[in-house]
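Chemist: What follows is run.tsv, TSV, C-alpha atoms.
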```tsv
chain	number	residue	atom	x	y	z
X	1	ILE	CA	-57.01	40.33	10.19
X	2	MET	CA	-58.31	43.15	12.42
X	3	ARG	CA	-61.19	45.65	12.36
X	4	ALA	CA	-60.64	49.36	11.70
X	5	ALA	CA	-62.75	52.53	11.33
X	6	ILE	CA	-61.82	53.92	7.93
X	7	LEU	CA	-63.04	57.33	6.75
X	8	GLU	CA	-63.29	56.64	3.02
X	9	SER	CA	-64.41	60.19	2.20
X	10	GLN	CA	-66.43	62.97	3.79
X	11	LYS	CA	-69.39	61.48	5.74
X	12	ASN	CA	-68.46	58.00	4.53
X	13	LEU	CA	-67.10	55.93	7.42
X	14	LYS	CA	-66.76	52.16	7.10
X	15	ILE	CA	-65.72	49.44	9.56
X	16	ARG	CA	-63.50	47.14	7.54
X	17	ASP	CA	-61.04	44.28	7.91
X	18	ILE	CA	-57.39	45.18	7.41
X	19	LYS	CA	-54.11	43.32	7.91
X	20	ASN	CA	-52.99	42.81	11.50
X	21	PRO	CA	-49.35	44.00	11.93
X	22	ASP	CA	-47.20	40.95	12.61
X	23	TYR	CA	-43.74	42.55	12.59
X	24	VAL	CA	-42.47	44.54	15.60
X	25	PRO	CA	-39.17	46.36	14.82
X	26	ASP	CA	-36.56	47.00	17.50
X	27	GLY	CA	-37.58	49.97	19.63
X	28	TYR	CA	-41.28	49.45	18.91
X	29	VAL	CA	-44.11	47.91	20.92
X	30	LYS	CA	-47.24	46.16	19.69
X	31	ILE	CA	-50.39	47.39	21.43
X	32	ARG	CA	-53.86	45.91	21.62
X	33	VAL	CA	-56.01	49.03	21.32
X	34	LYS	CA	-58.92	48.90	23.78
X	35	SER	CA	-60.23	52.47	24.16
X	36	VAL	CA	-60.20	55.43	21.77
X	37	GLY	CA	-61.83	58.74	22.66
X	38	ILE	CA	-63.76	60.56	19.93
X	39	CYS	CA	-62.12	63.96	19.48
X	40	GLY	CA	-63.60	67.05	17.84
X	41	SER	CA	-61.06	66.59	15.05
X	42	ASP	CA	-62.45	63.12	14.25
X	43	VAL	CA	-65.92	64.63	13.98
X	44	HIS	CA	-64.59	67.50	11.87
X	45	TYR	CA	-62.83	65.24	9.37
X	46	TYR	CA	-65.98	63.12	9.18
X	47	SER	CA	-68.35	66.04	8.61
X	48	SER	CA	-66.14	68.42	6.59
X	49	GLY	CA	-63.30	66.31	5.19
X	50	ARG	CA	-60.74	68.85	6.37
X	51	ILE	CA	-59.43	71.02	9.21
X	52	GLY	CA	-57.81	74.15	7.84
X	53	ASP	CA	-54.99	73.06	5.53
X	54	PHE	CA	-55.25	69.40	6.60
X	55	ILE	CA	-57.44	67.86	3.88
X	56	LEU	CA	-58.68	64.28	3.56
X	57	LYS	CA	-57.58	63.13	0.08
X	58	SER	CA	-57.53	59.35	0.58
X	59	PRO	CA	-59.05	56.84	3.05
X	60	MET	CA	-57.79	57.31	6.62
X	61	ILE	CA	-58.31	55.47	9.92
X	62	LEU	CA	-59.74	57.80	12.56
X	63	GLY	CA	-58.72	58.19	16.23
X	64	HIS	CA	-55.79	59.45	18.27
X	65	GLU	CA	-56.87	59.43	21.96
X	66	THR	CA	-55.64	55.92	22.74
X	67	GLY	CA	-55.50	53.54	25.68
X	68	GLY	CA	-54.50	49.92	25.26
X	69	ILE	CA	-52.61	46.88	26.51
X	70	ALA	CA	-49.00	46.12	25.54
X	71	GLU	CA	-48.77	42.92	23.49
X	72	SER	CA	-44.96	42.81	23.41
X	73	ASP	CA	-42.09	43.72	25.71
X	74	GLY	CA	-39.96	46.83	25.39
X	75	ASP	CA	-37.17	48.23	27.55
X	76	ASN	CA	-39.62	49.91	29.92
X	77	ILE	CA	-42.95	48.44	28.79
X	78	LYS	CA	-43.92	44.85	29.54
X	79	ARG	CA	-46.57	42.67	27.93
X	80	GLY	CA	-49.89	43.20	29.77
X	81	ASP	CA	-49.18	46.78	30.87
X	82	VAL	CA	-51.94	49.35	30.44
X	83	VAL	CA	-50.49	52.06	28.21
X	84	ALA	CA	-51.31	55.51	26.84
X	85	ILE	CA	-50.11	56.38	23.34
X	86	GLU	CA	-48.63	59.70	22.25
X	87	PRO	CA	-49.98	59.86	18.68
X	88	GLY	CA	-47.36	62.09	17.03
X	89	ILE	CA	-44.06	60.66	15.76
X	90	PRO	CA	-41.67	63.55	14.95
X	91	CYS	CA	-38.85	63.29	12.41
X	92	GLY	CA	-36.13	63.70	15.07
X	93	LYS	CA	-33.85	65.56	12.64
X	94	CYS	CA	-35.21	69.08	12.07
X	95	ILE	CA	-34.26	72.16	14.11
X	96	TYR	CA	-37.47	71.91	16.14
X	97	CYS	CA	-36.89	68.27	17.05
X	98	ARG	CA	-33.23	68.87	17.85
X	99	SER	CA	-34.10	71.81	20.10
X	100	GLY	CA	-36.77	69.78	21.94
X	101	ARG	CA	-39.77	71.57	20.36
X	102	TYR	CA	-40.88	68.47	18.50
X	103	ASN	CA	-44.57	69.46	18.47
X	104	LEU	CA	-43.59	72.06	15.82
X	105	CYS	CA	-41.92	69.47	13.54
X	106	SER	CA	-43.38	69.94	10.06
X	107	ASP	CA	-42.74	66.27	9.22
X	108	ILE	CA	-44.44	64.86	12.31
X	109	LYS	CA	-46.65	61.85	11.61
X	110	PHE	CA	-49.70	62.45	13.78
X	111	PHE	CA	-52.50	59.88	14.05
X	112	ALA	CA	-55.68	60.67	12.08
X	113	THR	CA	-54.22	63.77	10.45
X	114	PRO	CA	-54.24	63.23	6.66
X	115	PRO	CA	-52.65	61.16	5.29
X	116	VAL	CA	-51.60	59.36	8.53
X	117	ASP	CA	-53.83	56.54	9.81
X	118	GLY	CA	-55.15	56.81	13.37
X	119	SER	CA	-55.70	54.30	16.16
X	120	MET	CA	-59.31	53.11	15.72
X	121	ARG	CA	-58.03	49.66	14.84
X	122	GLU	CA	-57.48	46.64	17.02
X	123	TYR	CA	-53.67	46.67	16.96
X	124	ILE	CA	-50.93	49.24	16.40
X	125	VAL	CA	-47.14	49.04	16.41
X	126	HIS	CA	-45.66	52.21	17.90
X	127	PRO	CA	-42.21	53.55	18.92
X	128	GLU	CA	-41.66	52.73	22.60
X	129	GLY	CA	-40.48	56.29	23.27
X	130	PHE	CA	-44.08	57.42	22.67
X	131	VAL	CA	-45.75	54.65	24.70
X	132	TYR	CA	-46.35	55.42	28.39
X	133	ASN	CA	-47.06	53.05	31.25
X	134	ALA	CA	-50.47	53.88	32.77
X	135	LYS	CA	-50.42	51.22	35.47
X	136	GLY	CA	-53.37	51.59	37.83
X	137	LEU	CA	-55.64	53.20	35.24
X	138	SER	CA	-58.26	51.61	33.00
X	139	THR	CA	-57.66	51.85	29.26
X	140	SER	CA	-60.53	54.39	29.10
X	141	GLU	CA	-58.76	56.58	31.65
X	142	ALA	CA	-55.45	56.12	29.83
X	143	SER	CA	-57.05	57.44	26.63
X	144	LEU	CA	-57.61	60.78	28.44
X	145	ALA	CA	-53.84	61.33	28.66
X	146	GLU	CA	-53.82	62.64	25.07
X	147	PRO	CA	-56.42	65.43	25.41
X	148	MET	CA	-55.14	66.22	28.92
X	149	SER	CA	-51.65	66.68	27.46
X	150	VAL	CA	-52.92	69.77	25.65
X	151	GLY	CA	-53.84	71.26	29.02
X	152	VAL	CA	-50.55	70.16	30.62
X	153	TYR	CA	-48.58	71.90	27.86
X	154	ALA	CA	-50.63	75.10	28.05
X	155	VAL	CA	-50.53	75.34	31.86
X	156	ARG	CA	-46.81	74.58	31.87
X	157	LYS	CA	-46.22	77.47	29.46
X	158	SER	CA	-48.40	79.76	31.58
X	159	LEU	CA	-46.29	79.47	34.75
X	160	ILE	CA	-49.46	79.91	36.84
X	161	GLY	CA	-49.37	78.82	40.45
X	162	PRO	CA	-50.96	79.29	43.88
X	163	GLY	CA	-52.82	82.57	44.19
X	164	ASP	CA	-53.35	83.01	40.45
X	165	SER	CA	-56.86	83.20	38.97
X	166	VAL	CA	-57.68	81.30	35.78
X	167	LEU	CA	-60.66	81.44	33.42
X	168	ILE	CA	-61.19	78.59	30.97
X	169	THR	CA	-63.58	79.48	28.16
X	170	GLY	CA	-65.20	76.42	26.62
X	171	SER	CA	-66.27	73.64	28.98
X	172	GLY	CA	-65.82	70.74	26.58
X	173	SER	CA	-63.52	67.85	27.41
X	174	VAL	CA	-60.29	69.76	26.69
X	175	GLY	CA	-61.51	72.73	28.75
X	176	ILE	CA	-62.39	70.49	31.70
X	177	LEU	CA	-59.12	68.56	31.48
X	178	THR	CA	-57.19	71.84	31.32
X	179	ALA	CA	-59.09	72.91	34.43
X	180	PHE	CA	-57.82	69.84	36.30
X	181	VAL	CA	-54.24	70.72	35.31
X	182	ALA	CA	-54.66	74.37	36.34
X	183	GLU	CA	-56.16	73.30	39.68
X	184	SER	CA	-53.28	70.89	40.27
X	185	SER	CA	-50.90	73.85	39.90
X	186	GLY	CA	-52.66	75.62	42.78
X	187	ALA	CA	-54.56	78.22	40.76
X	188	SER	CA	-58.17	79.24	41.37
X	189	VAL	CA	-60.18	77.98	38.37
X	190	THR	CA	-63.45	79.14	36.77
X	191	LEU	CA	-65.00	77.66	33.60
X	192	SER	CA	-67.47	79.28	31.22
X	193	ASP	CA	-69.48	78.27	28.17
X	194	VAL	CA	-72.54	79.23	26.15
X	195	ASP	CA	-73.96	75.70	26.50
X	196	PRO	CA	-75.64	74.90	29.88
X	197	LYS	CA	-75.16	71.17	29.22
X	198	LYS	CA	-71.38	71.54	29.08
X	199	MET	CA	-71.44	73.62	32.24
X	200	ASP	CA	-73.32	70.79	33.94
X	201	TYR	CA	-70.49	68.41	33.03
X	202	ALA	CA	-67.93	70.87	34.42
X	203	SER	CA	-69.96	71.11	37.63
X	204	LYS	CA	-70.17	67.31	37.89
X	205	CYS	CA	-66.37	67.30	37.75
X	206	GLY	CA	-66.27	69.66	40.74
X	207	PHE	CA	-65.63	73.02	39.06
X	208	ASN	CA	-67.31	76.42	39.27
X	209	ALA	CA	-68.90	76.90	35.84
X	210	TYR	CA	-71.02	79.76	34.49
X	211	LEU	CA	-72.61	80.97	31.30
X	212	ASN	CA	-70.36	83.44	29.47
X	213	ASP	CA	-72.67	86.38	30.17
X	214	LYS	CA	-72.41	85.74	33.93
X	215	ILE	CA	-68.63	86.24	33.95
X	216	ARG	CA	-67.77	89.65	35.42
X	217	ASP	CA	-64.23	89.29	36.79
X	218	LYS	CA	-60.88	89.63	35.11
X	219	PHE	CA	-58.31	86.84	35.49
X	220	ASP	CA	-54.52	86.46	35.54
X	221	ALA	CA	-54.70	83.93	32.70
X	222	VAL	CA	-57.42	82.89	30.25
X	223	PHE	CA	-57.29	79.55	28.44
X	224	GLU	CA	-59.46	79.75	25.32
X	225	CYS	CA	-60.76	76.22	24.62
X	226	SER	CA	-63.98	76.96	22.73
X	227	GLY	CA	-62.46	77.93	19.39
X	228	PHE	CA	-64.73	80.97	19.17
X	229	ALA	CA	-64.23	83.26	22.15
X	230	SER	CA	-60.86	84.97	21.74
X	231	GLU	CA	-62.47	88.43	21.96
X	232	PHE	CA	-64.34	87.26	25.07
X	233	ALA	CA	-61.02	86.10	26.49
X	234	LEU	CA	-59.56	89.56	25.83
X	235	GLU	CA	-62.42	91.15	27.79
X	236	HIS	CA	-61.70	89.00	30.85
X	237	VAL	CA	-57.92	88.97	31.19
X	238	LYS	CA	-56.22	91.39	33.57
X	239	ARG	CA	-53.80	94.05	32.35
X	240	GLY	CA	-50.45	92.37	31.90
X	241	GLY	CA	-52.11	88.95	31.79
X	242	ASP	CA	-51.88	86.03	29.37
X	243	ILE	CA	-54.28	84.41	26.90
X	244	PHE	CA	-53.66	80.86	25.67
X	245	LEU	CA	-55.42	79.86	22.44
X	246	ILE	CA	-55.93	76.08	22.61
X	247	GLY	CA	-57.03	74.07	19.59
X	248	MET	CA	-57.36	75.16	15.99
X	249	GLY	CA	-59.99	77.84	16.69
X	250	ASN	CA	-61.25	80.23	14.04
X	251	GLU	CA	-59.82	83.25	12.23
X	252	ASP	CA	-61.73	86.01	14.02
X	253	GLY	CA	-58.65	88.06	14.88
X	254	LEU	CA	-57.96	90.00	18.05
X	255	ASN	CA	-58.06	93.69	18.96
X	256	ASN	CA	-54.41	94.73	18.67
X	257	LEU	CA	-55.01	98.05	20.39
X	258	LYS	CA	-56.42	96.31	23.48
X	259	ILE	CA	-53.55	93.82	23.49
X	260	THR	CA	-50.92	96.56	23.24
X	261	SER	CA	-52.43	99.11	25.63
X	262	ASN	CA	-53.02	96.44	28.29
X	263	GLU	CA	-49.73	94.62	27.63
X	264	ILE	CA	-51.48	91.27	27.18
X	265	THR	CA	-49.49	88.31	25.91
X	266	VAL	CA	-51.28	85.93	23.53
X	267	HIS	CA	-49.90	82.39	23.17
X	268	GLY	CA	-50.76	79.88	20.46
X	269	ILE	CA	-50.83	76.32	21.80
X	270	PHE	CA	-50.19	73.59	19.23
X	271	ARG	CA	-50.59	70.07	20.59
X	272	TYR	CA	-47.94	69.34	23.26
X	273	ARG	CA	-44.50	67.98	24.02
X	274	ASN	CA	-43.12	65.93	26.92
X	275	THR	CA	-46.47	65.90	28.71
X	276	PHE	CA	-47.81	62.35	28.96
X	277	GLU	CA	-46.22	61.25	32.22
X	278	THR	CA	-47.53	64.41	33.90
X	279	ALA	CA	-50.97	63.88	32.35
X	280	ILE	CA	-51.13	60.30	33.64
X	281	SER	CA	-50.18	61.40	37.17
X	282	ILE	CA	-52.91	64.08	37.18
X	283	ILE	CA	-55.50	61.55	35.94
X	284	LYS	CA	-54.53	59.27	38.83
X	285	LYS	CA	-54.92	62.18	41.27
X	286	TYR	CA	-58.38	63.24	40.05
X	287	ARG	CA	-59.75	59.96	38.65
X	288	GLU	CA	-62.91	59.99	40.82
X	289	ARG	CA	-63.85	63.49	39.69
X	290	MET	CA	-63.09	62.58	36.06
X	291	LYS	CA	-65.67	59.79	35.87
X	292	PRO	CA	-68.17	61.88	33.83
X	293	LEU	CA	-65.55	61.92	31.03
X	294	THR	CA	-65.49	58.12	30.70
X	295	GLU	CA	-69.16	57.25	31.24
X	296	LYS	CA	-70.29	57.01	27.61
X	297	HIS	CA	-69.05	54.00	25.62
X	298	ILE	CA	-69.93	52.63	22.18
X	299	GLY	CA	-68.60	49.67	20.19
X	300	LEU	CA	-66.52	50.16	17.05
X	301	GLU	CA	-69.32	48.80	14.83
X	302	GLN	CA	-71.69	51.49	16.18
X	303	LEU	CA	-69.40	54.38	15.21
X	304	PRO	CA	-70.64	55.12	11.64
X	305	ASP	CA	-74.28	55.54	12.77
X	306	TYR	CA	-73.18	57.42	15.89
X	307	LEU	CA	-71.36	60.04	13.82
X	308	GLU	CA	-74.05	60.19	11.14
X	309	ASN	CA	-76.94	60.86	13.54
X	310	GLY	CA	-74.95	63.33	15.67
X	311	GLU	CA	-75.58	61.46	18.92
X	312	TYR	CA	-72.01	62.24	20.05
X	313	ALA	CA	-73.10	65.86	20.64
X	314	LYS	CA	-75.11	64.74	23.69
X	315	TYR	CA	-71.98	63.74	25.60
X	316	ILE	CA	-68.87	65.53	26.78
X	317	LYS	CA	-66.72	62.58	25.69
X	318	THR	CA	-67.43	59.24	24.04
X	319	ILE	CA	-65.07	56.29	24.31
X	320	VAL	CA	-65.02	53.76	21.46
X	321	ASP	CA	-64.41	50.23	22.77
X	322	LEU	CA	-62.45	47.87	20.53
```
Rewrite the structure from the file as C-alpha cells, please.
Modeler:
Amino acid sequence: IMRAAILESQKNLKIRDIKNPDYVPDGYVKIRVKSVGICGSDVHYYSSGRIGDFILKSPMILGHETGGIAESDGDNIKRGDVVAIEPGIPCGKCIYCRSGRYNLCSDIKFFATPPVDGSMREYIVHPEGFVYNAKGLSTSEASLAEPMSVGVYAVRKSLIGPGDSVLITGSGSVGILTAFVAESSGASVTLSDVDPKKMDYASKCGFNAYLNDKIRDKFDAVFECSGFASEFALEHVKRGGDIFLIGMGNEDGLNNLKITSNEITVHGIFRYRNTFETAISIIKKYRERMKPLTEKHIGLEQLPDYLENGEYAKYIKTIVDL
C-alpha cells in the first residue's frame, strides 16, 4: 500500500491509499518518489478541472515534476541512484515518434494529463529510457529537470548564442529556468513581469528583472512564459527576430501585419524532447543560484489544504515531499 494525491473532481483532492506496484517489467525501473514540484497545470486541473481540451473526467493522480531514488537496477540506472523522470511516454510508432519529434505524438501518455495518473504517489514503475541519472543532485533539484526541459527545448530551437539579447516575459519558475538555459548559451538575458514578487525571485537567482512597463529595448529573441503577453512580446522583438510561446497560454491572437512587415518568426513550444540530460547538467552548473526554487517544501498530507487556501501563490515553486 502507498499514499497518493488523487484529484477526484474539480477542487476535490484526497490523499488515499492505493496499491504499491510490485511488478517491474523488463526495460522498466521502480522509483521511490521523493520530490514532486507543483506545476501551474496541477493547480489548473485542481481549480478548473481542465486545461483547454484536456478535461478531467475521472479521478487522476496529480504531479509530473519528479525526483526520486531508483529502487531497482536497469541497464544504466542502479538501485540507490538519484533520478529525474521524463513524464511523457510516447507511442514510438507514429510518424512523429519515428522522425524523433516524439513530443508531438498524439498518443503520448503524459503524467497528470487526463486520464493518465501523475507522480504524486510513493512509487512509480517507469520505462528506463525516460529515467535519467541525476547523481550529485538532491531529489528536489532533480525535480527541476522537467520544467527546465521546457526552457532547454525552446532555447535549442532558438539557436541563440553569445552576443544575442533575450527577453523572457513572465518570471515564474519556467521563465527563470529558461533564463538559466539562455544564459548558459552565452546570451544576454533580461526578465520581466507584472508581479514585483516574481521579479524579486528572478533577482534572487541573479538575473536582471523589471516590471513590464520599464522595458524599453527590443531583443533578438523573446520567450513568452507568462501565458498572457504575446502582444507585449511582439512590441519588444527586433525586426527579423523570433518569439517563442512557451506553455499553453491564452487565445489572444497576434498582429499579423506587425509579424509580416517586421519578418518576425513565431514559434509554438510544446513540452520538449531529448532535453533531460542537458537540463540536469545546467542544474548542476547553477545549483547555488537556483536555491530559491527549492526552498519551499510541504508534505503530501498538507497538499489538499495548500491548494484550497491558495498558499502556493506566495512561492515561485513548491516541492511536495513524499
Chemist: Quick one: residues within 9 Å of range 212-221 of chain X, all atoms listed in the file, excluding same-chain residues fewer than 4 positions away - as a list in words?
Modeler: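 Neighbouring residues, sequence-local ones excluded: Ser158, Ile160, Asp164, Ser165, Val166, Leu167, Ile168, Thr169, Leu191, Ser192, Asp193, Val194, Phe232, Glu235, His236, Val237, Lys238, Arg239, Gly240, Gly241, Asp242, Ile243 and Phe244 of chain X.
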Chemist: Tell me which residues come within 6 Å of (-52.9, 67.5, 32.7), as JSON, numbers by chain, counting all atoms listed in the file in the file's coordinates.
Modeler: {"X": [148, 149, 151, 152, 181, 279, 282]}
Chemist: CA of Ser171 in chain X and CA of Ala202 in chain X are how many Å apart?
Modeler: 6.3 Å
Chemist: Rank X:Ile319, X:Leu13, X:Thr66, X:Ala142 by their smallest atom-to-atom distance to Gly299 in chain X, using only C-alpha atoms, and report the top residue only.
Modeler: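 Answer, going by the shortest atom-to-atom distance: X:Ile319.
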Chemist: Hey, can I get the axis-aligned box for range 300-311 of chain X? All listed atoms, 5 Å padding on each side, centre and edge lengths in Å to one decimal, as lines of an AutoDock Vina configuration file.
Modeler:
```
center_x = -71.7
center_y = 56.1
center_z = 15.0
size_x = 20.4
size_y = 24.5
size_z = 17.8
```
Chemist: When distances are computed from only C-alpha atoms, which of X:Phe270, X:Glu277, X:Asp81, X:Leu56 shows the smallest separation from Ser106 in chain X?
Modeler: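 Among the listed residues, the smallest separation from Ser106 in chain X belongs to X:Phe270.
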